[in-house]
$ cat query24.txt   # compact mmCIF, C-alpha atoms
# COMPACT_ATOMS: atom_id res chain seq x y z
CA MET R 10 72.49 -17.76 -24.42
CA PRO R 11 73.68 -14.38 -25.74
CA GLY R 12 72.42 -11.32 -23.93
CA ARG R 13 71.13 -13.22 -20.92
CA ASP R 14 71.07 -11.01 -17.82
CA PRO R 15 72.83 -12.65 -14.86
CA ARG R 16 70.58 -10.65 -12.54
CA GLY R 17 67.45 -12.34 -13.92
CA THR R 18 65.42 -15.23 -12.60
CA ARG R 19 66.86 -17.04 -9.59
CA GLY R 20 67.02 -20.84 -9.77
CA ARG R 21 65.52 -23.37 -7.43
CA ARG R 22 67.55 -25.01 -4.72
CA THR R 23 68.71 -28.44 -5.80
CA ALA R 24 66.44 -31.11 -4.31
CA PRO R 25 67.79 -34.07 -2.35
CA ALA R 26 68.18 -37.26 -4.35
CA ALA R 27 65.76 -39.17 -2.13
CA ALA R 28 63.36 -38.64 0.76
CA ARG R 29 65.01 -38.61 4.17
CA HIS R 30 63.14 -40.80 6.63
CA ASP R 31 63.04 -40.20 10.37
CA ASP R 32 60.15 -41.31 12.52
CA ARG R 33 59.47 -37.86 13.95
CA ARG R 34 61.19 -35.81 11.28
CA ARG R 35 60.73 -36.61 7.62
CA THR R 36 62.05 -34.56 4.74
CA PHE R 37 60.64 -35.06 1.26
CA PRO R 38 62.28 -33.94 -2.00
CA ALA R 39 61.18 -30.70 -3.63
CA PRO R 40 57.80 -31.49 -5.23
CA GLU R 41 57.21 -31.27 -8.93
CA PRO R 42 55.31 -28.17 -10.15
CA LEU R 43 51.60 -28.35 -9.38
CA THR R 44 49.46 -29.19 -12.40
CA GLY R 45 45.78 -29.78 -13.04
CA THR R 46 42.68 -28.10 -11.67
CA GLN R 47 42.73 -29.75 -8.23
CA PRO R 48 45.67 -29.38 -5.82
CA ALA R 49 44.87 -32.75 -4.20
CA SER R 50 43.13 -35.93 -5.33
CA SER R 51 42.33 -37.74 -2.05
CA TRP R 52 39.53 -36.74 0.29
CA TRP R 53 42.02 -36.12 3.12
CA GLY R 54 44.24 -34.05 0.81
CA HIS R 55 41.20 -31.93 -0.11
CA ALA R 56 40.40 -31.52 3.60
CA TRP R 57 43.92 -30.21 4.24
CA VAL R 58 43.74 -27.62 1.46
CA GLU R 59 40.20 -26.54 2.35
CA ALA R 60 41.21 -25.99 5.99
CA LEU R 61 43.54 -23.17 4.91
CA GLU R 62 41.39 -21.85 2.08
CA ASP R 63 38.37 -21.53 4.38
CA THR R 64 40.43 -19.38 6.76
CA ALA R 65 42.16 -17.25 4.14
CA LEU R 66 41.52 -13.52 4.36
CA ASP R 67 42.61 -12.76 0.79
CA GLN R 68 41.69 -15.01 -2.13
CA ALA R 69 44.19 -13.17 -4.34
CA ARG R 70 47.06 -14.47 -2.23
CA LEU R 71 45.70 -18.00 -2.58
CA THR R 72 45.70 -17.55 -6.35
CA ARG R 73 49.31 -16.32 -6.31
CA GLY R 74 50.27 -19.18 -4.00
CA ARG R 75 48.70 -21.64 -6.42
CA ALA R 76 50.76 -20.05 -9.20
CA TYR R 77 53.95 -20.36 -7.11
CA ALA R 78 53.21 -24.06 -6.58
CA GLY R 79 52.62 -24.39 -10.32
CA ARG R 80 56.04 -22.87 -11.02
CA GLY R 81 57.78 -25.34 -8.72
CA LEU R 82 59.04 -22.70 -6.27
CA VAL R 83 58.58 -24.87 -3.16
CA ASP R 84 61.76 -26.63 -2.01
CA SER R 85 61.96 -29.87 -0.01
CA ILE R 86 59.26 -30.20 2.66
CA THR R 87 60.08 -31.18 6.25
CA ILE R 88 57.34 -32.63 8.47
CA THR R 89 57.66 -32.72 12.26
CA PRO R 90 54.94 -32.98 14.94
CA GLY R 91 52.77 -29.90 14.67
CA ARG R 92 54.81 -28.30 11.88
CA VAL R 93 55.26 -28.33 8.09
CA THR R 94 58.34 -26.41 6.91
CA ALA R 95 59.87 -25.57 3.52
CA TYR R 96 61.82 -22.88 1.73
CA VAL R 97 59.75 -21.12 -0.92
CA HIS R 98 61.45 -19.02 -3.58
CA GLY R 99 60.21 -15.52 -4.26
CA SER R 100 61.51 -12.30 -5.73
CA ARG R 101 64.65 -12.12 -3.59
CA PRO R 102 67.85 -14.15 -4.09
CA ARG R 103 67.43 -16.13 -0.89
CA PRO R 104 64.21 -18.12 -0.42
CA TYR R 105 61.78 -17.52 2.43
CA ARG R 106 61.40 -19.97 5.30
CA THR R 107 57.73 -20.86 5.37
CA GLU R 108 55.84 -23.07 7.78
CA ILE R 109 52.34 -24.21 8.67
CA ARG R 110 51.63 -25.11 12.29
CA LEU R 111 48.83 -27.23 13.72
CA ARG R 112 47.92 -28.73 17.07
CA THR R 113 49.24 -32.17 18.06
CA LEU R 114 46.86 -34.69 19.64
CA GLY R 115 46.81 -35.32 23.39
CA ASP R 116 47.26 -38.70 25.07
CA ASP R 117 43.53 -39.34 25.44
CA GLU R 118 42.90 -38.49 21.79
CA TRP R 119 45.68 -40.84 20.68
CA ALA R 120 44.29 -43.58 22.88
CA ASP R 121 40.85 -43.26 21.26
CA LEU R 122 42.28 -43.10 17.75
CA LEU R 123 44.63 -46.07 18.18
CA ALA R 124 41.85 -48.13 19.78
CA ALA R 125 39.61 -47.39 16.79
CA VAL R 126 42.33 -48.46 14.35
CA ALA R 127 43.23 -51.64 16.22
CA ALA R 128 39.60 -52.65 16.72
CA ARG R 129 39.10 -53.41 13.02
CA PRO R 130 41.71 -55.20 10.91
CA GLU R 131 40.43 -53.51 7.75
CA HIS R 132 41.46 -50.14 9.19
CA ILE R 133 45.04 -51.34 9.61
CA ALA R 134 45.03 -52.77 6.09
CA ALA R 135 43.68 -49.47 4.71
CA LEU R 136 46.44 -47.41 6.40
CA LEU R 137 49.15 -49.76 5.14
CA ASP R 138 47.61 -49.39 1.68
CA LYS R 139 47.92 -45.59 1.91
CA ASP R 140 44.23 -44.99 2.54
CA VAL R 141 42.46 -43.26 5.44
CA PRO R 142 39.04 -44.65 6.45
CA HIS R 143 36.52 -41.86 6.90
CA VAL R 144 35.49 -43.18 10.31
CA LEU R 145 38.93 -42.42 11.79
CA ALA R 146 38.55 -38.72 11.06
CA SER R 147 35.52 -38.61 13.38
CA VAL R 148 37.27 -40.33 16.29
CA ALA R 149 39.83 -37.54 16.86
CA ASP R 150 40.88 -34.31 15.15
CA LEU R 151 43.14 -36.13 12.71
CA LEU R 152 42.20 -33.85 9.80
CA PRO R 153 42.38 -30.07 10.18
CA ALA R 154 39.30 -27.85 10.04
CA ALA R 155 39.01 -24.13 9.30
CA GLY R 156 41.27 -22.23 11.69
CA ASP R 157 43.43 -25.23 12.65
CA LEU R 158 46.32 -24.35 10.31
CA ILE R 159 48.48 -21.39 11.30
CA PRO R 160 50.75 -20.14 8.47
CA ASP R 161 53.98 -18.26 9.10
CA CYS R 162 56.68 -16.97 6.74
CA SER R 163 59.89 -14.95 6.91
CA CYS R 164 58.70 -12.73 4.03
CA PRO R 165 57.50 -9.16 4.75
CA ASP R 166 53.93 -9.90 3.61
CA ASP R 167 51.55 -10.02 6.60
CA GLY R 168 48.73 -11.68 4.65
CA PHE R 169 46.92 -14.66 6.16
CA PRO R 170 48.23 -16.65 4.47
CA CYS R 171 50.93 -15.07 2.32
CA LYS R 172 51.46 -16.53 -1.14
CA HIS R 173 54.48 -18.56 0.04
CA ALA R 174 52.48 -20.27 2.80
CA ALA R 175 49.63 -20.91 0.35
CA ALA R 176 52.07 -22.53 -2.11
CA LEU R 177 53.41 -24.77 0.67
CA CYS R 178 49.86 -25.71 1.68
CA TYR R 179 48.93 -26.75 -1.86
CA GLN R 180 52.08 -28.86 -2.27
CA THR R 181 51.51 -30.46 1.13
CA GLY R 182 48.06 -31.57 -0.03
CA ARG R 183 49.73 -33.48 -2.86
CA LEU R 184 52.20 -34.97 -0.40
CA LEU R 185 49.32 -36.23 1.74
CA ASP R 186 47.81 -37.86 -1.36
CA GLN R 187 50.94 -39.99 -1.68
CA ASP R 188 51.47 -40.81 2.01
CA PRO R 189 48.51 -40.22 4.36
CA LEU R 190 50.53 -41.54 7.33
CA VAL R 191 52.17 -38.11 7.26
CA LEU R 192 48.88 -36.89 8.81
CA PHE R 193 49.67 -38.91 11.93
CA LEU R 194 53.18 -37.44 12.05
CA MET R 195 51.75 -33.92 11.81
CA ARG R 196 49.53 -34.72 14.78
CA GLY R 197 52.45 -36.03 16.83
CA MET R 198 53.13 -39.71 16.08
CA GLY R 199 55.65 -41.11 13.59
CA GLU R 200 54.93 -44.05 11.31
CA ARG R 201 56.99 -46.61 13.23
CA GLU R 202 55.63 -45.44 16.56
CA LEU R 203 52.09 -45.62 15.15
CA LEU R 204 52.47 -49.17 13.82
CA ALA R 205 54.16 -50.32 17.04
CA ALA R 206 51.32 -48.88 19.13
CA ILE R 207 48.71 -50.57 16.95
CA SER R 208 50.61 -53.86 17.09
CA GLN R 209 50.83 -53.67 20.88
CA ARG R 210 47.10 -53.13 21.16
CA ASN R 211 46.47 -56.08 18.85
CA VAL R 212 48.65 -58.33 21.00
CA THR R 213 46.89 -57.17 24.16
CA ARG R 214 43.47 -57.74 22.65
CA SER R 215 44.46 -61.17 21.31
CA ALA R 216 45.89 -62.24 24.69
CA ALA R 217 42.77 -61.07 26.48
CA GLN R 218 40.63 -62.94 23.98
CA ARG R 219 42.62 -66.17 24.43
CA ALA R 220 42.45 -65.86 28.19
CA SER R 221 38.73 -65.37 27.97
CA ASP R 222 38.35 -68.40 25.72
CA ALA R 223 40.67 -70.76 27.64
CA GLY R 224 40.11 -69.62 31.21
CA THR R 225 43.12 -69.26 33.50
CA PHE R 226 46.60 -69.97 32.18
CA PRO R 227 48.58 -72.85 33.74
CA THR R 228 51.39 -71.78 36.09
CA VAL R 229 54.67 -73.34 37.28
CA ASP R 230 56.13 -72.92 40.76
CA ILE R 231 59.50 -71.14 40.50
CA ARG R 232 60.98 -73.42 43.22
CA GLU R 233 60.36 -76.42 40.99
CA VAL R 234 62.21 -74.75 38.13
CA LEU R 235 65.23 -73.90 40.32
CA ALA R 236 65.32 -77.39 41.80
CA ARG R 237 65.98 -78.91 38.38
CA GLY R 238 69.62 -77.78 38.40
CA PRO R 239 71.76 -74.91 37.13
CA LEU R 240 70.41 -72.72 34.39
CA PRO R 241 71.95 -73.00 30.91
CA MET R 242 74.61 -70.57 29.71
CA LEU R 243 73.47 -67.31 28.26
CA PRO R 244 73.42 -67.16 24.45
CA PRO R 245 76.23 -65.27 22.68
CA PRO R 246 75.77 -61.51 22.12
CA PHE R 247 73.74 -60.38 19.18
CA PRO R 248 75.73 -59.36 16.10
CA LEU R 249 76.19 -55.67 15.42
CA PRO R 250 73.15 -54.12 13.74
CA ALA R 251 73.38 -53.16 10.09
CA ALA R 252 72.36 -49.57 10.89
CA PRO R 253 72.42 -47.29 13.95
CA GLY R 254 69.54 -47.55 16.38
CA ARG R 255 66.88 -44.89 16.75
CA PRO R 256 66.73 -42.58 19.78
CA PRO R 257 63.56 -42.33 21.88
CA ALA R 258 60.93 -39.71 21.20
CA TYR R 259 61.55 -36.68 23.39
CA PRO R 260 58.44 -34.84 24.61
CA GLN R 261 57.95 -31.09 24.57
CA ALA R 262 57.96 -29.80 28.16
CA PRO R 263 58.20 -26.35 29.74
CA ASP R 264 61.80 -25.26 30.50
CA ALA R 265 63.10 -28.47 28.91
CA PRO R 266 65.61 -28.61 26.03
CA ASP R 267 64.22 -28.51 22.50
CA PRO R 268 63.11 -32.09 21.67
CA LEU R 269 64.27 -31.77 18.06
CA ALA R 270 67.72 -30.69 19.25
CA LEU R 271 67.87 -33.66 21.64
CA ASP R 272 66.76 -35.97 18.85
CA LEU R 273 69.43 -34.55 16.55
CA LEU R 274 72.22 -35.01 19.12
CA ALA R 275 71.07 -38.52 20.05
CA THR R 276 70.90 -39.51 16.38
CA GLU R 277 74.39 -38.12 15.80
CA ALA R 278 75.74 -40.03 18.82
CA THR R 279 74.24 -43.36 17.69
CA ALA R 280 75.57 -42.93 14.15
CA ARG R 281 79.05 -42.08 15.44
CA ALA R 282 79.05 -45.02 17.89
CA HIS R 283 77.87 -47.42 15.20
CA ALA R 284 80.64 -46.28 12.86
CA LEU R 285 83.25 -46.80 15.57
CA LEU R 286 81.96 -50.29 16.40
CA THR R 287 81.73 -51.46 12.79
CA THR R 288 84.78 -49.78 11.20
CA GLY R 289 86.99 -48.65 14.06
CA VAL R 290 87.06 -45.17 12.46
CA ASP R 291 85.53 -42.05 13.96
CA PRO R 292 83.97 -40.14 11.02
CA ILE R 293 83.98 -36.87 12.97
CA ALA R 294 87.60 -36.99 14.15
CA PRO R 295 89.11 -35.12 11.13
CA LEU R 296 86.81 -32.13 11.66
CA THR R 297 87.71 -29.09 13.72
CA ALA R 298 85.35 -27.96 16.47
CA TRP R 299 84.10 -25.18 14.17
CA GLN R 300 83.49 -27.55 11.24
CA ASP R 301 81.63 -29.98 13.50
CA ALA R 302 79.45 -27.16 14.87
CA VAL R 303 78.55 -26.12 11.33
CA ARG R 304 77.90 -29.76 10.38
CA LEU R 305 75.51 -30.20 13.30
CA ALA R 306 73.72 -26.94 12.54
CA ALA R 307 73.38 -27.97 8.88
CA ALA R 308 71.73 -31.24 9.97
CA HIS R 309 69.18 -29.34 12.07
CA PRO R 310 65.72 -29.10 10.39
CA GLY R 311 65.31 -25.64 8.88
CA SER R 312 67.94 -22.94 8.52
CA GLY R 313 68.36 -19.20 8.20
CA LEU R 314 67.79 -16.56 10.84
CA THR R 315 64.19 -17.50 11.54
CA ALA R 316 62.25 -18.36 14.66
CA SER R 317 63.00 -22.09 14.95
CA SER R 318 66.77 -21.79 14.41
CA ARG R 319 67.63 -18.44 16.02
CA ALA R 320 68.15 -20.04 19.43
CA LEU R 321 70.43 -22.73 17.98
CA TYR R 322 72.50 -20.16 16.07
CA ARG R 323 72.75 -17.87 19.12
CA GLU R 324 74.05 -20.75 21.24
CA LEU R 325 76.55 -21.77 18.58
CA ALA R 326 77.61 -18.14 18.15
CA ALA R 327 78.28 -17.82 21.88
CA ALA R 328 80.22 -21.11 21.92
CA THR R 329 82.34 -20.40 18.83
CA GLY R 330 82.81 -16.63 19.03
CA ARG R 331 80.95 -16.02 15.76
CA THR R 332 77.75 -14.16 14.91
CA PRO R 333 74.45 -15.91 14.07
CA THR R 334 74.68 -14.52 10.52
CA THR R 335 78.16 -16.01 10.11
CA ILE R 336 76.85 -19.38 11.26
CA ALA R 337 73.85 -19.20 8.93
CA ARG R 338 76.15 -18.46 5.99
CA ALA R 339 78.46 -21.33 7.01
CA VAL R 340 75.47 -23.69 7.22
CA ALA R 341 74.46 -22.71 3.68
CA ALA R 342 78.00 -23.49 2.50
CA TRP R 343 78.06 -26.87 4.27
CA ARG R 344 74.78 -27.84 2.65
CA GLN R 345 76.26 -26.76 -0.67
CA GLY R 346 79.28 -29.08 -0.49
CA GLY R 347 80.43 -30.04 3.02
CA SER R 348 83.81 -29.10 4.44
CA SER R 349 85.21 -28.24 0.98
CA ALA R 350 82.46 -25.67 0.42
CA LEU R 351 83.05 -24.22 3.89
CA THR R 352 86.73 -23.75 3.02
CA VAL R 353 85.75 -21.98 -0.22
CA LEU R 354 83.48 -19.66 1.79
CA GLU R 355 86.12 -18.75 4.34
CA SER R 356 89.41 -18.75 2.40
CA ALA R 357 90.33 -16.74 -0.70
CA TRP R 358 93.45 -17.82 -2.62
CA ASP R 359 95.38 -17.14 -5.81
CA PRO R 360 94.78 -20.11 -8.13
CA PRO R 361 97.47 -21.10 -10.65
CA ALA R 362 96.98 -20.73 -14.38
CA GLY R 363 94.67 -23.31 -15.86
CA PRO R 364 90.94 -23.90 -15.28
CA PHE R 365 90.50 -20.54 -13.55
CA ASP R 366 91.96 -18.63 -16.52
CA ARG R 367 89.86 -20.63 -18.99
CA ALA R 368 86.63 -19.83 -17.12
CA ARG R 369 86.23 -16.23 -18.33
CA PRO R 370 86.46 -17.08 -22.07
CA ALA R 371 83.96 -19.90 -21.48
CA LEU R 372 81.55 -17.50 -19.78
CA VAL R 373 81.96 -14.92 -22.57
CA ALA R 374 81.24 -17.61 -25.17
CA ALA R 375 78.10 -18.56 -23.24
CA GLY R 376 76.85 -14.95 -23.24
CA PHE R 377 78.09 -13.81 -19.83
CA PRO R 378 80.84 -11.23 -20.46
CA ASP R 379 80.48 -9.19 -17.27
CA PHE R 380 82.37 -11.34 -14.75
CA ARG R 381 85.44 -9.71 -13.24
CA PRO R 382 88.26 -11.64 -11.47
CA ARG R 383 89.63 -11.16 -7.99
CA ASP R 384 91.61 -13.83 -6.14
CA ASN R 385 89.71 -17.07 -6.90
CA HIS R 386 86.43 -15.18 -7.53
CA LEU R 387 84.62 -14.16 -10.71
CA SER R 388 81.88 -11.63 -9.92
CA THR R 389 79.09 -9.45 -11.29
CA ALA R 390 76.89 -7.17 -9.19
CA THR R 391 74.68 -10.05 -8.02
CA LEU R 392 76.39 -13.32 -9.01
CA GLN R 393 79.73 -14.82 -8.10
CA LEU R 394 81.68 -17.96 -8.99
CA ARG R 395 84.39 -19.15 -6.59
CA TYR R 396 87.06 -21.63 -7.66
CA GLY R 397 87.95 -24.18 -4.97
CA ARG R 398 91.18 -26.05 -4.39
CA ASP R 399 89.26 -29.22 -5.27
CA GLY R 400 88.88 -28.01 -8.89
CA LEU R 401 85.15 -27.23 -8.55
CA TRP R 402 83.29 -23.95 -9.03
CA TYR R 403 80.89 -22.81 -6.30
CA GLY R 404 78.00 -20.42 -6.95
CA TYR R 405 77.14 -17.39 -4.80
CA GLU R 406 74.45 -14.68 -4.91
CA SER R 407 74.09 -11.22 -3.36
CA ASP R 408 71.64 -8.36 -3.58
CA ALA R 409 72.84 -5.62 -5.95
CA GLY R 410 74.98 -2.99 -4.26
CA ARG R 411 75.80 -5.19 -1.26
CA ASP R 412 78.88 -7.26 -0.59
CA ASP R 413 76.75 -9.96 1.06
CA TRP R 414 77.48 -13.22 -0.74
CA TRP R 415 75.54 -16.42 0.05
CA PRO R 416 76.29 -19.93 -1.29
CA ARG R 417 73.75 -21.27 -3.78
CA GLY R 418 73.42 -24.17 -6.20
CA THR R 419 75.59 -27.26 -6.66
CA PRO R 420 79.38 -27.27 -7.21
CA ASN R 421 80.55 -28.28 -10.67
CA SER R 422 83.79 -28.37 -12.62
CA ASP R 423 82.10 -26.32 -15.37
CA PRO R 424 81.52 -22.66 -14.36
CA VAL R 425 78.85 -22.26 -17.04
CA GLU R 426 76.83 -25.12 -15.56
CA VAL R 427 77.06 -23.57 -12.10
CA LEU R 428 75.85 -20.24 -13.49
CA ASN R 429 72.97 -21.92 -15.34
CA THR R 430 71.91 -23.55 -12.07
CA LEU R 431 71.91 -20.16 -10.33
CA LEU R 432 69.79 -18.70 -13.11
CA GLY R 433 67.41 -21.64 -13.24
CA GLY R 434 68.56 -22.74 -16.67

$ encode --input "query24.txt" --output "structure tokens"
Amino acid sequence: MPGRDPRGTRGRRTAPAAARHDDRRRTFPAPEPLTGTQPASSWWGHAWVEALEDTALDQARLTRGRAYAGRGLVDSITITPGRVTAYVHGSRPRPYRTEIRLRTLGDDEWADLLAAVAARPEHIAALLDKDVPHVLASVADLLPAAGDLIPDCSCPDDGFPCKHAAALCYQTGRLLDQDPLVLFLMRGMGERELLAAISQRNVTRSAAQRASDAGTFPTVDIREVLARGPLPMLPPPFPLPAAPGRPPAYPQAPDAPDPLALDLLATEATARAHALLTTGVDPIAPLTAWQDAVRLAAAHPGSGLTASSRALYRELAAATGRTPTTIARAVAAWRQGGSSALTVLESAWDPPAGPFDRARPALVAAGFPDFRPRDNHLSTATLQLRYGRDGLWYGYESDAGRDDWWPRGTPNSDPVEVLNTLLGG
């Protein structure tokens, strides 16, 4: 790669290995680049895309957003009730936090929709087969119409939508093609909650039908049961579950804590308790209070100094004596490589001769002669490689002329591979 400019194209964030499932918060891997002439293939996917296109004030931004989706610049997509969130790469080193908001359904609307699904077995079969019957769309506002989708982005473009939001919208249409139950999550009900509600209505309807067919049920006087003698011993306790339980769904209410934050803390508590019961080891015990705060913030959906996480970072900053920017940078490091990456971010050191000294000749041979050493760092104006005590290299980026380094990419024992990841190679 002779002559390649390290200040060139920025690479994509590495996608998770698999989709992360949570009933009211699901994160899907970074989608493949958009191809073909249609951004969605299902009728409900088309309805999603058309809802934003029909509201767009600038068709040119839609075209650029379609191009961004075609270049694979949309990172992993997180779906929560009323919100679709992703990082979308643009011209700057750090990606923009982009989201699309929509209204969640009210209790009466859910009651009508669930009743319509449970009333016909073929509707349940269609949903389980990843299909959405057209009749369900007319029962409640399951599918968005023009004006229902509200885009927002941390970029400076005030277009409606900007190209980053348009790219996210197009990739979300493809996501809906693959899993239409995500529509129900967007409107406020997770997959497990949805299937449980449908099942409950089926049981109620079946019981009512049997009662109607058989008349009154026979009864037994409780005094006769007690007169038969002592009750048998209780059965032994259930064995420990194979996985932690799921917390309840927390509603959004005025002046109440953030339901996603409550869900996050409850999920963390159940996972920690399950580990203690099954292994006798507390997985959080080795961490300092600061490391645990960063770990929790890194598990929170979304990151960066944007609307949904500013409050969390401000609270953590007040509790730990740091600034929100420091916490955001620490979160980026934790997502890069856990506690080891956080140590690399916060501690410079003088590495012994060996892999660190061999890194510069390897970079020169690969066409990158401009890196200069300092402590355990090799730097250009916009790129930096940091050597950790674990023998791995960690990538960093900064805007030219600023000493503002942010973790990027995946750690690797080969500095050239880390640099190629930063440059998208």

$ atom_distance --input "query24.txt" --atom1 "atom CA of Arg110 of chain R" --atom2 "atom CA of Ala56 of chain R"
15.6 Å

$ closest_residue --input "query24.txt" --among "R:Gly168, R:Pro333, R:Pro424, R:Gly91" --to "Phe377 of chain R" --atoms "all atoms listed in the file"
R:Pro424

$ atom_distance --input "query24.txt" --atom1 "atom CA of Trp358 of chain R" --atom2 "atom CA of Trp299 of chain R"
20.6 Å

$ residues_around --input "query24.txt" --residues "Ala124 of chain R" --least-positions-apart "2" --cutoff "12 Å" --atoms "only C-alpha atoms" --output "PyMOL selection string"
chain R and resi 117-122+126-130+132-133+145+148-149+203+206-211+213-214

$ write_last_selection --input "query24.txt" --atoms "C-alpha atoms" --output "short mmCIF file (atom, residue, chain, number, x, y, z; two decimals), in the frame of the given file"
data_model
loop_
_atom_site.label_atom_id
_atom_site.label_comp_id
_atom_site.auth_asym_id
_atom_site.auth_seq_id
_atom_site.Cartn_x
_atom_site.Cartn_y
_atom_site.Cartn_z
CA ASP R 117 43.53 -39.34 25.44
CA GLU R 118 42.90 -38.49 21.79
CA TRP R 119 45.68 -40.84 20.68
CA ALA R 120 44.29 -43.58 22.88
CA ASP R 121 40.85 -43.26 21.26
CA LEU R 122 42.28 -43.10 17.75
CA VAL R 126 42.33 -48.46 14.35
CA ALA R 127 43.23 -51.64 16.22
CA ALA R 128 39.60 -52.65 16.72
CA ARG R 129 39.10 -53.41 13.02
CA PRO R 130 41.71 -55.20 10.91
CA HIS R 132 41.46 -50.14 9.19
CA ILE R 133 45.04 -51.34 9.61
CA LEU R 145 38.93 -42.42 11.79
CA VAL R 148 37.27 -40.33 16.29
CA ALA R 149 39.83 -37.54 16.86
CA LEU R 203 52.09 -45.62 15.15
CA ALA R 206 51.32 -48.88 19.13
CA ILE R 207 48.71 -50.57 16.95
CA SER R 208 50.61 -53.86 17.09
CA GLN R 209 50.83 -53.67 20.88
CA ARG R 210 47.10 -53.13 21.16
CA ASN R 211 46.47 -56.08 18.85
CA THR R 213 46.89 -57.17 24.16
CA ARG R 214 43.47 -57.74 22.65
#

$ closest_residue --input "query24.txt" --among "R:Arg75, R:Arg33, R:Arg255, R:His55" --to "Thr89 of chain R" --atoms "all atoms listed in the file"
R:Arg33

$ atom_distance --input "query24.txt" --atom1 "atom CA of Gln345 of chain R" --atom2 "atom CA of Arg101 of chain R"
18.9 Å

$ residues_near_point --input "query24.txt" --point "(76.5, -41.3, 13.5)" --cutoff "12 Å" --atoms "all atoms listed in the file" --output "JSON, numbers by chain"
{"R": [252, 253, 254, 255, 256, 273, 274, 275, 276, 277, 278, 279, 280, 281, 282, 283, 284, 285, 286, 287, 290, 291, 292, 293, 294, 305, 308]}

$ closest_residue --input "query24.txt" --among "R:Ile88, R:Ala270, R:Leu152, R:Ala265" --to "Leu194 of chain R" --atoms "all atoms listed in the file"
R:Ile88

$ residues_around --input "query24.txt" --residues "segment 157-167 of chain R" --least-positions-apart "4" --cutoff "6 Å" --atoms "all atoms listed in the file" --output "list in words"
Tyr105, Arg106, Thr107, Glu108, Ile109, Arg110, Leu111, Pro153 and Ala174 of chain R

$ residues_near_point --input "query24.txt" --point "(36.7, -25.2, 4.5)" --cutoff "9 Å" --atoms "all atoms listed in the file" --output "list in words"
Ala56, Trp57, Val58, Glu59, Ala60, Leu61, Glu62, Asp63, Thr64, Ala154 and Ala155 of chain R

$ closest_residue --input "query24.txt" --among "R:Pro416, R:Gly397, R:Ala39, R:Ala375" --to "Asn429 of chain R" --atoms "all atoms listed in the file"
R:Ala375

$ closest_residue --input "query24.txt" --among "R:Trp52, R:Pro268, R:Gly404, R:Pro244" --to "Arg183 of chain R" --atoms "only C-alpha atoms"
R:Trp52

$ closest_residue --input "query24.txt" --among "R:Phe169, R:Ala49, R:Val93, R:Glu131" --to "Asp67 of chain R" --atoms "only C-alpha atoms"
R:Phe169

$ residues_around --input "query24.txt" --residues "segment 96-99 of chain R" --least-positions-apart "2" --cutoff "9 Å" --atoms "only C-alpha atoms" --output "ChimeraX atom specification"
/R:19-22,77,81-86,94,101-108,164,173-174,176-177,311

$ residues_around --input "query24.txt" --residues "Thr335 of chain R" --least-positions-apart "4" --cutoff "12 Å" --atoms "all atoms listed in the file" --output "ChimeraX atom specification"
/R:299,303,313-314,322-323,325-327,329-331,339-342,351,354-355,413-415
